[in-house]
$ cat work17.csv   # CSV, C-alpha atoms
chain,number,residue,atom,x,y,z
A,1,MET,CA,0.0,0.0,0.0
A,2,SER,CA,1.2,3.5,-0.8
A,3,CYS,CA,2.3,5.7,2.0
A,4,CYS,CA,-0.6,7.9,1.1
A,5,ALA,CA,-3.2,5.2,0.5
A,6,ARG,CA,-4.9,5.0,3.9
A,7,LYS,CA,-7.7,7.3,4.8
A,8,GLY,CA,-9.0,8.3,8.2
A,9,CYS,CA,-5.6,8.8,9.8
A,10,PRO,CA,-5.1,12.0,11.9
A,11,PRO,CA,-3.0,14.6,10.0
A,12,GLN,CA,0.5,15.3,11.2
A,13,THR,CA,2.1,18.7,11.4
A,14,ARG,CA,3.9,19.3,8.1
A,15,GLN,CA,7.6,19.7,8.3
A,16,PRO,CA,9.8,21.2,5.6
A,17,THR,CA,12.7,19.2,4.3
A,18,LYS,CA,16.1,20.7,3.5
A,19,ARG,CA,16.3,20.9,-0.3
A,20,SER,CA,19.5,21.2,-2.5
A,21,ILE,CA,18.8,22.5,-6.0
A,22,LEU,CA,20.4,23.6,-9.2
A,23,MET,CA,19.2,26.7,-11.1
A,24,CYS,CA,20.3,28.7,-14.2
A,25,ARG,CA,19.9,32.4,-14.5
A,26,PRO,CA,17.9,33.4,-17.6
A,27,THR,CA,20.6,35.6,-19.0
A,28,PHE,CA,19.8,34.6,-22.6
A,29,PHE,CA,16.1,33.8,-22.2
A,30,THR,CA,13.9,34.7,-25.2
A,31,VAL,CA,11.4,32.9,-27.3
A,32,ALA,CA,13.4,32.2,-30.4
A,33,TYR,CA,11.4,29.1,-31.6
A,34,ALA,CA,8.1,27.4,-30.8
A,35,ILE,CA,8.3,23.8,-29.5
A,36,ASN,CA,5.3,23.8,-27.1
A,37,PRO,CA,1.8,25.3,-27.1
A,38,TYR,CA,2.9,28.3,-24.9
A,39,MET,CA,5.6,29.6,-27.1
A,40,ASN,CA,4.9,32.3,-29.8
A,41,THR,CA,7.9,33.9,-31.5
A,42,ASP,CA,5.7,36.9,-32.3
A,43,THR,CA,5.3,37.7,-28.6
A,44,PRO,CA,8.0,40.0,-27.3
A,45,VAL,CA,10.0,38.9,-24.2
A,46,ASP,CA,11.1,41.4,-21.6
A,47,GLN,CA,14.5,39.9,-20.8
A,48,ALA,CA,15.2,42.2,-17.9
A,49,LYS,CA,11.9,41.4,-16.3
A,50,ALA,CA,12.5,37.6,-16.8
A,51,VAL,CA,15.8,38.0,-14.9
A,52,ALA,CA,14.2,40.0,-12.1
A,53,GLN,CA,11.3,37.5,-11.7
A,54,TRP,CA,13.8,34.6,-11.6
A,55,GLN,CA,15.8,36.4,-9.0
A,56,THR,CA,12.7,36.7,-6.8
A,57,LEU,CA,12.4,32.9,-7.1
A,58,TYR,CA,16.0,32.4,-6.2
A,59,ASP,CA,15.7,34.8,-3.2
A,60,THR,CA,12.5,32.9,-2.1
A,61,TYR,CA,14.4,29.6,-2.1
A,62,GLU,CA,17.3,31.3,-0.2
A,63,GLN,CA,14.9,32.6,2.4
A,64,LEU,CA,13.5,29.0,2.8
A,65,GLY,CA,17.1,27.8,3.6
A,66,PHE,CA,17.6,25.8,0.5
A,67,ASP,CA,21.1,24.8,-0.6
A,68,LEU,CA,21.4,26.6,-4.0
A,69,HIS,CA,23.8,25.9,-6.9
A,70,LEU,CA,24.1,27.7,-10.2
A,71,ILE,CA,25.1,26.5,-13.7
A,72,ASP,CA,26.4,29.1,-16.1
A,73,PRO,CA,23.9,30.0,-18.9
A,74,LEU,CA,25.2,29.6,-22.4
A,75,PRO,CA,24.4,31.9,-25.3
A,76,GLY,CA,22.2,30.4,-27.9
A,77,LEU,CA,20.4,28.2,-25.4
A,78,PRO,CA,17.5,30.4,-24.2
A,79,ASP,CA,15.6,27.5,-22.5
A,80,MET,CA,18.6,26.5,-20.3
A,81,VAL,CA,16.9,28.5,-17.5
A,82,PHE,CA,14.5,25.5,-17.3
A,83,ALA,CA,17.1,23.6,-15.2
A,84,ALA,CA,14.7,20.7,-14.3
A,85,ASN,CA,14.9,19.4,-17.8
A,86,GLY,CA,18.7,19.0,-17.5
A,87,GLY,CA,18.7,15.6,-15.9
A,88,PHE,CA,17.5,13.4,-13.0
A,89,VAL,CA,19.6,13.2,-9.9
A,90,LEU,CA,19.3,10.6,-7.1
A,91,ASP,CA,21.6,8.6,-4.9
A,92,GLY,CA,24.7,10.5,-6.1
A,93,ILE,CA,23.9,9.6,-9.7
A,94,ALA,CA,22.9,12.0,-12.5
A,95,TYR,CA,20.9,10.4,-15.4
A,96,GLY,CA,21.5,12.9,-18.2
A,97,ALA,CA,18.9,14.4,-20.5
A,98,LYS,CA,18.6,13.7,-24.2
A,99,PHE,CA,16.3,16.4,-25.6
A,100,ARG,CA,13.7,15.6,-28.3
A,101,HIS,CA,14.0,19.0,-30.2
A,102,PRO,CA,17.3,19.9,-31.9
A,103,GLU,CA,17.1,23.5,-30.4
A,104,ARG,CA,17.6,22.2,-26.9
A,105,GLN,CA,19.9,19.2,-27.5
A,106,PRO,CA,23.1,21.0,-26.5
A,107,GLU,CA,21.7,21.6,-23.1
A,108,GLY,CA,22.1,17.8,-22.3
A,109,PRO,CA,26.0,17.8,-22.4
A,110,ALA,CA,26.1,21.2,-20.7
A,111,TYR,CA,24.2,19.8,-17.7
A,112,MET,CA,26.1,16.5,-17.6
A,113,ASN,CA,29.4,18.4,-17.5
A,114,TRP,CA,28.1,20.4,-14.5
A,115,PHE,CA,27.1,17.2,-12.8
A,116,ARG,CA,30.5,15.7,-13.3
A,117,ASN,CA,32.2,18.8,-11.9
A,118,PHE,CA,29.9,18.6,-8.9
A,119,GLY,CA,31.2,15.1,-8.2
A,120,LEU,CA,28.2,13.1,-9.3
A,121,LYS,CA,28.4,9.8,-11.3
A,122,VAL,CA,26.9,10.6,-14.7
A,123,VAL,CA,25.0,8.1,-16.8
A,124,GLU,CA,24.6,9.2,-20.4
A,125,PRO,CA,21.1,8.3,-21.6
A,126,ALA,CA,20.4,6.0,-24.5
A,127,PHE,CA,16.8,7.2,-25.0
A,128,THR,CA,15.1,10.6,-25.3
A,129,ASN,CA,14.1,12.1,-22.0
A,130,GLU,CA,14.0,15.6,-20.5
A,131,GLY,CA,15.1,15.0,-17.0
A,132,MET,CA,12.9,16.1,-14.2
A,133,GLY,CA,10.5,17.5,-16.7
A,134,ASP,CA,9.1,14.0,-16.9
A,135,PHE,CA,10.6,12.2,-13.9
A,136,THR,CA,9.9,13.0,-10.2
A,137,LEU,CA,10.5,11.2,-6.9
A,138,VAL,CA,7.8,10.7,-4.3
A,139,GLY,CA,9.0,8.7,-1.4
A,140,ASN,CA,11.1,5.9,-2.9
A,141,VAL,CA,9.1,5.7,-6.2
A,142,ILE,CA,9.9,7.5,-9.4
A,143,LEU,CA,6.9,8.7,-11.4
A,144,ALA,CA,7.8,8.9,-15.1
A,145,GLY,CA,5.8,10.7,-17.8
A,146,THR,CA,5.7,9.8,-21.5
A,147,GLY,CA,3.6,10.7,-24.5
A,148,PHE,CA,5.2,13.8,-25.8
A,149,ARG,CA,8.8,14.2,-24.8
A,150,ALA,CA,10.3,11.2,-22.9
A,151,ASP,CA,10.6,7.9,-24.8
A,152,VAL,CA,9.0,5.2,-22.7
A,153,ARG,CA,12.1,3.1,-23.0
A,154,SER,CA,13.9,5.7,-20.8
A,155,HIS,CA,11.7,4.4,-17.9
A,156,GLU,CA,13.3,1.0,-18.1
A,157,GLU,CA,16.7,2.7,-18.2
A,158,LEU,CA,15.7,4.6,-15.0
A,159,ARG,CA,14.9,1.3,-13.3
A,160,ARG,CA,18.3,-0.2,-14.2
A,161,VAL,CA,20.2,2.9,-13.1
A,162,PHE,CA,18.4,3.7,-9.8
A,163,LYS,CA,17.0,0.3,-8.9
A,164,ARG,CA,13.8,1.9,-7.8
A,165,GLU,CA,10.2,1.3,-8.7
A,166,VAL,CA,9.3,3.4,-11.8
A,167,VAL,CA,5.6,4.1,-12.5
A,168,THR,CA,4.8,5.1,-16.1
A,169,LEU,CA,2.2,7.8,-16.6
A,170,LYS,CA,1.0,8.6,-20.1
A,171,LEU,CA,0.3,12.2,-21.0
A,172,VAL,CA,-2.4,12.9,-23.6
A,173,ASN,CA,-3.1,16.6,-23.5
A,174,PRO,CA,-0.5,18.6,-25.6
A,175,ARG,CA,-0.7,21.6,-23.3
A,176,TYR,CA,0.7,19.3,-20.6
A,177,TYR,CA,3.6,17.8,-22.5
A,178,HIS,CA,5.8,17.3,-19.5
A,179,LEU,CA,4.8,15.5,-16.2
A,180,ASP,CA,5.9,18.6,-14.2
A,181,VAL,CA,3.1,20.7,-15.7
A,182,ALA,CA,0.5,18.0,-15.1
A,183,LEU,CA,1.5,16.8,-11.6
A,184,THR,CA,3.4,18.2,-8.6
A,185,VAL,CA,4.8,16.3,-5.6
A,186,LEU,CA,3.7,18.0,-2.4
A,187,ASP,CA,5.4,15.6,0.1
A,188,PRO,CA,8.9,14.7,-1.2
A,189,VAL,CA,9.4,12.6,2.0
A,190,PRO,CA,5.8,11.4,2.8
A,191,VAL,CA,5.2,10.6,6.5
A,192,ASP,CA,1.4,11.2,6.9
A,193,PRO,CA,-0.8,8.5,5.4
A,194,SER,CA,-3.7,11.0,5.1
A,195,SER,CA,-1.6,13.5,3.1
A,196,PRO,CA,-2.5,14.3,-0.5
A,197,CYS,CA,1.2,13.5,-1.5
A,198,VAL,CA,0.6,15.0,-5.0
A,199,ALA,CA,-1.6,17.3,-6.9
A,200,TYR,CA,-2.5,16.6,-10.6
A,201,LEU,CA,-4.8,17.5,-13.5
A,202,GLU,CA,-7.0,14.6,-14.5
A,203,SER,CA,-7.4,15.6,-18.1
A,204,ALA,CA,-3.7,15.5,-18.7
A,205,PHE,CA,-3.5,11.6,-18.4
A,206,ASP,CA,-5.0,8.6,-20.1
A,207,GLU,CA,-7.4,6.4,-18.3
A,208,ALA,CA,-4.9,3.8,-17.2
A,209,SER,CA,-2.6,6.4,-15.7
A,210,LEU,CA,-5.6,8.0,-13.9
A,211,ALA,CA,-6.5,4.7,-12.4
A,212,THR,CA,-2.9,4.4,-11.2
A,213,LEU,CA,-2.9,7.8,-9.7
A,214,ARG,CA,-6.2,7.3,-8.0
A,215,ASN,CA,-5.1,4.0,-6.5
A,216,ARG,CA,-1.7,5.3,-5.2
A,217,PHE,CA,-2.8,8.8,-4.1
A,218,PRO,CA,-6.5,8.6,-3.1
A,219,ASN,CA,-6.2,11.9,-1.1
A,220,ALA,CA,-4.5,13.8,-3.9
A,221,ILE,CA,-5.4,17.4,-4.7
A,222,ILE,CA,-7.2,17.6,-8.0
A,223,ALA,CA,-6.3,20.8,-9.8
A,224,SER,CA,-8.8,22.8,-11.8
A,225,GLU,CA,-8.4,23.3,-15.6
A,226,GLU,CA,-8.1,27.1,-14.9
A,227,ASP,CA,-5.2,26.7,-12.4
A,228,ALA,CA,-3.4,24.1,-14.5
A,229,ALA,CA,-3.5,26.5,-17.5
A,230,LEU,CA,-1.6,29.0,-15.3
A,231,LEU,CA,1.0,26.2,-14.7
A,232,ALA,CA,-0.2,25.9,-11.1
A,233,LEU,CA,1.1,22.3,-11.1
A,234,ASN,CA,4.6,23.5,-12.0
A,235,SER,CA,5.1,24.3,-8.3
A,236,TYR,CA,7.9,23.2,-5.9
A,237,SER,CA,7.3,21.9,-2.4
A,238,ASP,CA,9.6,21.1,0.5
A,239,GLY,CA,6.8,19.2,2.3
A,240,TYR,CA,5.4,22.4,3.9
A,241,ASN,CA,6.2,25.4,1.9
A,242,VAL,CA,4.9,25.2,-1.7
A,243,VAL,CA,6.2,27.8,-4.1
A,244,TYR,CA,3.6,28.3,-6.8
A,245,PRO,CA,2.7,30.6,-9.7
A,246,SER,CA,1.0,33.5,-8.0
A,247,LYS,CA,-1.9,33.8,-10.3
A,248,ALA,CA,-3.2,30.3,-9.4
A,249,THR,CA,-5.2,31.6,-6.4
A,250,ASN,CA,-7.6,28.7,-6.2
A,251,PHE,CA,-4.7,26.2,-6.1
A,252,ALA,CA,-3.3,28.3,-3.2
A,253,ARG,CA,-6.6,27.9,-1.4
A,254,GLN,CA,-6.5,24.1,-1.9
A,255,LEU,CA,-3.0,24.0,-0.5
A,256,LYS,CA,-3.9,25.9,2.6
A,257,GLU,CA,-6.9,23.6,3.2
A,258,HIS,CA,-4.4,20.7,3.4
A,259,GLY,CA,-2.0,22.4,5.8
A,260,TYR,CA,0.6,23.6,3.3
A,261,ASN,CA,2.1,27.1,3.2
A,262,PRO,CA,1.7,28.5,-0.3
A,263,ILE,CA,4.2,31.1,-1.5
A,264,GLY,CA,3.3,32.9,-4.7
A,265,VAL,CA,5.9,33.9,-7.2
A,266,ASP,CA,5.3,35.6,-10.5
A,267,LEU,CA,7.2,34.1,-13.4
A,268,SER,CA,5.0,35.5,-16.2
A,269,GLU,CA,7.9,36.2,-18.6
A,270,LEU,CA,9.2,32.6,-18.3
A,271,PHE,CA,5.6,31.4,-18.8
A,272,LEU,CA,6.1,32.6,-22.4
A,273,GLY,CA,8.6,29.8,-22.8
A,274,GLY,CA,6.2,27.2,-21.3
A,275,GLY,CA,7.8,27.0,-17.9
A,276,SER,CA,7.4,28.2,-14.4
A,277,ILE,CA,8.6,27.5,-10.8
A,278,ARG,CA,9.3,23.7,-11.0
A,279,CYS,CA,10.9,24.0,-14.5
A,280,CYS,CA,13.5,26.3,-13.0
A,281,THR,CA,14.3,23.9,-10.2
A,282,LEU,CA,16.5,20.8,-10.5
A,283,ASP,CA,16.6,18.7,-7.4
A,284,LEU,CA,20.1,17.4,-6.4
A,285,HIS,CA,18.3,14.6,-4.6
A,286,PRO,CA,19.5,13.0,-1.4
A,287,VAL,CA,20.3,9.3,-1.0
A,288,GLY,CA,17.1,7.5,0.0
A,289,THR,CA,14.8,9.9,1.8
A,290,GLY,CA,17.4,11.7,3.9
A,291,THR,CA,18.2,15.4,3.6
A,292,SER,CA,21.9,15.6,2.6
A,293,VAL,CA,23.2,15.5,-0.9
A,294,ALA,CA,25.6,12.6,-1.6
A,295,ARG,CA,28.3,13.0,-4.2
A,296,ALA,CA,30.0,10.1,-5.8
A,297,SER,CA,33.4,9.3,-4.4

$ encode --input "work17.csv" --output "structure tokens"
Amino acid sequence: MSCCARKGCPPQTRQPTKRSILMCRPTFFTVAYAINPYMNTDTPVDQAKAVAQWQTLYDTYEQLGFDLHLIDPLPGLPDMVFAANGGFVLDGIAYGAKFRHPERQPEGPAYMNWFRNFGLKVVEPAFTNEGMGDFTLVGNVILAGTGFRADVRSHEELRRVFKREVVTLKLVNPRYYHLDVALTVLDPVPVDPSSPCVAYLESAFDEASLATLRNRFPNAIIASEEDAALLALNSYSDGYNVVYPSKATNFARQLKEHGYNPIGVDLSELFLGGGSIRCCTLDLHPVGTGTSVARAS
């Protein structure tokens, strides 16, 4: 039974977990091409505003006591700010990204080089995947999206690399082309059986995946279509504090009702590229469910 699968248990006081994350300043951010439904090359981008909004997110994480790391942005890679796509890190191992679209493919080696320099063991992927855009950890289980970007064969590669259970979830709505815009993990280290554990948008998934989600997370928060369209599910949680796109006010209300502390941040300029809070946040995950980052020896 899932850690979140029993109802009727008294809720516990939510506790934040220490997070270690990698980010990339949007120095070169613009919308130079259109590879998702949010991007429009005719819409001007205020680059200075994008940097200022990103800085607010960085400062918010700093105030929450997160361990922050930065990768240098590279010219010609405007989407490098969406650090979550750069790989999947767990147990001192970095499984690299292999981007579907040619415009983003150079980001994969750039992030893998950073991981190596950080002291992580790097596994170069055989199959297309976009890192934490489609892979996320909840407890000791990896939820893995497919349907638009990640090749489903990358899920078996994840199993071999991390020796963890990997649960495949198929995305069917092109507006929610990555798992991290269709589902967010609220409890990175779940301890309360009555907790929602995750929030998700039902219309983003096929019926088999919905059945899986409902079985594993019966108390999940179900996001509205309106909030999901604002990328409400591209939020980031430490188990208590949930940093979310500030326009998603109904989602913030749902979070409060379940005992979380929602913190709104406006990333409206980065929204023009199809990303928000979670997209800018790559977890340097701890070993198991502890709280310290382990580097390869």

$ residues_around --input "work17.csv" --residues "Glu130 (chain A)" --least-positions-apart "4" --cutoff "6 Å" --atoms "all atoms listed in the file" --output "list of chain:residue names"
A:Asn85, A:Ala97, A:Phe99

$ closest_atom_pairs --input "work17.csv" --of "region 59-166 of chain A" --to "region 214-236 of chain A" --cutoff "12 Å" --atoms "only C-alpha atoms" --output "tab-separated table"
residue	atom	partner	partner_atom	distance
A:Thr60	CA	A:Tyr236	CA	11.4
A:Tyr61	CA	A:Tyr236	CA	9.9
A:Leu64	CA	A:Tyr236	CA	11.9
A:Phe66	CA	A:Tyr236	CA	11.9
A:Phe82	CA	A:Asn234	CA	11.4
A:Ala84	CA	A:Asn234	CA	10.7
A:Met132	CA	A:Asn234	CA	11.3
A:Gly133	CA	A:Asn234	CA	9.6
A:Asp134	CA	A:Asn234	CA	11.6
A:Thr136	CA	A:Tyr236	CA	11.2
A:Val138	CA	A:Phe217	CA	10.8
A:Gly139	CA	A:Arg216	CA	11.9
A:Val141	CA	A:Arg216	CA	10.9
A:Leu143	CA	A:Arg216	CA	11.1

$ residues_near_point --input "work17.csv" --point "(25.8, 32.8, -20.3)" --cutoff "12 Å" --atoms "all atoms listed in the file" --output "compact mmCIF listing (two decimals) with C-alpha atoms, in the frame of the given file"
# COMPACT_ATOMS: atom_id res chain seq x y z
CA CYS A 24 20.30 28.70 -14.20
CA ARG A 25 19.90 32.40 -14.50
CA PRO A 26 17.90 33.40 -17.60
CA THR A 27 20.60 35.60 -19.00
CA PHE A 28 19.80 34.60 -22.60
CA PHE A 29 16.10 33.80 -22.20
CA LEU A 70 24.10 27.70 -10.20
CA ILE A 71 25.10 26.50 -13.70
CA ASP A 72 26.40 29.10 -16.10
CA PRO A 73 23.90 30.00 -18.90
CA LEU A 74 25.20 29.60 -22.40
CA PRO A 75 24.40 31.90 -25.30
CA GLY A 76 22.20 30.40 -27.90
CA LEU A 77 20.40 28.20 -25.40
CA PRO A 78 17.50 30.40 -24.20
CA ASP A 79 15.60 27.50 -22.50
CA MET A 80 18.60 26.50 -20.30
CA VAL A 81 16.90 28.50 -17.50
CA ALA A 110 26.10 21.20 -20.70

$ closest_residue --input "work17.csv" --among "A:Gln53, A:Asn40, A:Ser203, A:Thr168" --to "Ser268 (chain A)" --atoms "all atoms listed in the file"
A:Gln53

$ closest_atom_pairs --input "work17.csv" --of "region 64-98 of chain A" --to "region 113-128 of chain A" --cutoff "12 Å" --atoms "all atoms listed in the file" --output "CSV"
residue,atom,partner,partner_atom,distance
A:His69,CA,A:Phe118,CA,9.7
A:Leu70,CA,A:Trp114,CA,9.4
A:Ile71,CA,A:Trp114,CA,6.8
A:Asp72,CA,A:Trp114,CA,9.0
A:Pro73,CA,A:Trp114,CA,11.4
A:Ala83,CA,A:Trp114,CA,11.5
A:Asn85,CA,A:Thr128,CA,11.6
A:Gly86,CA,A:Phe115,CA,9.8
A:Gly87,CA,A:Phe115,CA,9.1
A:Phe88,CA,A:Val123,CA,9.9
A:Val89,CA,A:Leu120,CA,8.6
A:Leu90,CA,A:Leu120,CA,9.5
A:Asp91,CA,A:Leu120,CA,9.1
A:Gly92,CA,A:Leu120,CA,5.4
A:Ile93,CA,A:Lys121,CA,4.8
A:Ala94,CA,A:Val122,CA,4.8
A:Tyr95,CA,A:Val123,CA,4.9
A:Gly96,CA,A:Glu124,CA,5.3
A:Ala97,CA,A:Pro125,CA,6.6
A:Lys98,CA,A:Thr128,CA,4.8

$ residues_around --input "work17.csv" --residues "region 255-261 of chain A" --least-positions-apart "3" --cutoff "7 Å" --atoms "all atoms listed in the file" --output "list in words"
Tyr240, Asn241, Val242, Phe251 and Ala252 of chain A

$ closest_residue --input "work17.csv" --among "A:Tyr176, A:Asp67, A:Arg19, A:Asp187" --to "Glu202 (chain A)" --atoms "all atoms listed in the file"
A:Tyr176

$ atom_distance --input "work17.csv" --atom1 "CA of Ala208 (chain A)" --atom2 "CA of Leu171 (chain A)"
10.6 Å

$ closest_residue --input "work17.csv" --among "A:Ser195, A:Asn129, A:Ser246, A:Thr281" --to "His155 (chain A)" --atoms "all atoms listed in the file"
A:Asn129

$ atom_distance --input "work17.csv" --atom1 "CA of Phe135 (chain A)" --atom2 "CA of Thr41 (chain A)"
28.1 Å

$ build_atoms --input "work17.csv" --residues "region 68-77 of chain A" --atoms "all heavy atoms" --output "mmCIF file, in the frame of the given file"
data_model
loop_
_atom_site.group_PDB
_atom_site.id
_atom_site.type_symbol
_atom_site.label_atom_id
_atom_site.label_comp_id
_atom_site.auth_asym_id
_atom_site.auth_seq_id
_atom_site.Cartn_x
_atom_site.Cartn_y
_atom_site.Cartn_z
ATOM 1 N N LEU A 68 21.564 26.225 -2.563
ATOM 2 C CA LEU A 68 21.400 26.600 -4.000
ATOM 3 C C LEU A 68 22.720 26.532 -4.724
ATOM 4 O O LEU A 68 23.784 26.917 -4.227
ATOM 5 C CB LEU A 68 20.898 28.072 -4.020
ATOM 6 C CG LEU A 68 19.548 28.336 -3.347
ATOM 7 C CD1 LEU A 68 19.211 29.816 -3.369
ATOM 8 C CD2 LEU A 68 18.447 27.532 -4.013
ATOM 9 N N HIS A 69 22.633 26.036 -5.944
ATOM 10 C CA HIS A 69 23.800 25.900 -6.900
ATOM 11 C C HIS A 69 23.360 26.518 -8.200
ATOM 12 O O HIS A 69 22.184 26.494 -8.574
ATOM 13 C CB HIS A 69 24.197 24.478 -7.028
ATOM 14 C CG HIS A 69 24.547 23.807 -5.737
ATOM 15 N ND1 HIS A 69 25.814 23.800 -5.217
ATOM 16 C CD2 HIS A 69 23.776 23.129 -4.847
ATOM 17 C CE1 HIS A 69 25.824 23.147 -4.070
ATOM 18 N NE2 HIS A 69 24.600 22.729 -3.820
ATOM 19 N N LEU A 70 24.352 27.042 -8.932
ATOM 20 C CA LEU A 70 24.100 27.700 -10.200
ATOM 21 C C LEU A 70 24.940 27.046 -11.322
ATOM 22 O O LEU A 70 26.121 26.775 -11.115
ATOM 23 C CB LEU A 70 24.358 29.172 -10.167
ATOM 24 C CG LEU A 70 23.403 30.007 -9.319
ATOM 25 C CD1 LEU A 70 23.927 31.432 -9.194
ATOM 26 C CD2 LEU A 70 22.003 30.014 -9.922
ATOM 27 N N ILE A 71 24.326 26.843 -12.480
ATOM 28 C CA ILE A 71 25.100 26.500 -13.700
ATOM 29 C C ILE A 71 25.123 27.719 -14.565
ATOM 30 O O ILE A 71 24.163 28.496 -14.636
ATOM 31 C CB ILE A 71 24.367 25.312 -14.426
ATOM 32 C CG1 ILE A 71 25.192 24.891 -15.654
ATOM 33 C CG2 ILE A 71 22.935 25.634 -14.798
ATOM 34 C CD1 ILE A 71 24.646 23.627 -16.345
ATOM 35 N N ASP A 72 26.245 27.938 -15.224
ATOM 36 C CA ASP A 72 26.400 29.100 -16.100
ATOM 37 C C ASP A 72 25.507 28.984 -17.323
ATOM 38 O O ASP A 72 25.542 27.957 -18.012
ATOM 39 C CB ASP A 72 27.840 29.287 -16.523
ATOM 40 C CG ASP A 72 28.752 29.676 -15.384
ATOM 41 O OD1 ASP A 72 28.263 30.292 -14.416
ATOM 42 O OD2 ASP A 72 29.953 29.359 -15.460
ATOM 43 N N PRO A 73 24.707 30.012 -17.620
ATOM 44 C CA PRO A 73 23.900 30.000 -18.900
ATOM 45 C C PRO A 73 24.822 30.119 -20.072
ATOM 46 O O PRO A 73 25.891 30.740 -19.995
ATOM 47 C CB PRO A 73 22.993 31.196 -18.710
ATOM 48 C CG PRO A 73 23.746 32.138 -17.816
ATOM 49 C CD PRO A 73 24.527 31.261 -16.865
ATOM 50 N N LEU A 74 24.403 29.537 -21.183
ATOM 51 C CA LEU A 74 25.200 29.600 -22.400
ATOM 52 C C LEU A 74 24.436 30.336 -23.495
ATOM 53 O O LEU A 74 23.230 30.125 -23.660
ATOM 54 C CB LEU A 74 25.517 28.162 -22.891
ATOM 55 C CG LEU A 74 26.352 27.302 -21.943
ATOM 56 C CD1 LEU A 74 26.498 25.897 -22.505
ATOM 57 C CD2 LEU A 74 27.721 27.942 -21.713
ATOM 58 N N PRO A 75 25.105 31.200 -24.238
ATOM 59 C CA PRO A 75 24.400 31.900 -25.300
ATOM 60 C C PRO A 75 23.913 30.916 -26.371
ATOM 61 O O PRO A 75 24.525 29.880 -26.628
ATOM 62 C CB PRO A 75 25.534 32.803 -25.909
ATOM 63 C CG PRO A 75 26.823 32.207 -25.439
ATOM 64 C CD PRO A 75 26.535 31.553 -24.140
ATOM 65 N N GLY A 76 22.762 31.247 -26.935
ATOM 66 C CA GLY A 76 22.200 30.400 -27.900
ATOM 67 C C GLY A 76 21.293 29.270 -27.358
ATOM 68 O O GLY A 76 20.698 28.497 -28.115
ATOM 69 N N LEU A 77 21.233 29.204 -26.025
ATOM 70 C CA LEU A 77 20.400 28.200 -25.400
ATOM 71 C C LEU A 77 19.403 28.917 -24.444
ATOM 72 O O LEU A 77 19.549 28.916 -23.214
ATOM 73 C CB LEU A 77 21.259 27.214 -24.575
ATOM 74 C CG LEU A 77 22.242 26.374 -25.396
ATOM 75 C CD1 LEU A 77 23.060 25.463 -24.490
ATOM 76 C CD2 LEU A 77 21.505 25.554 -26.455
#
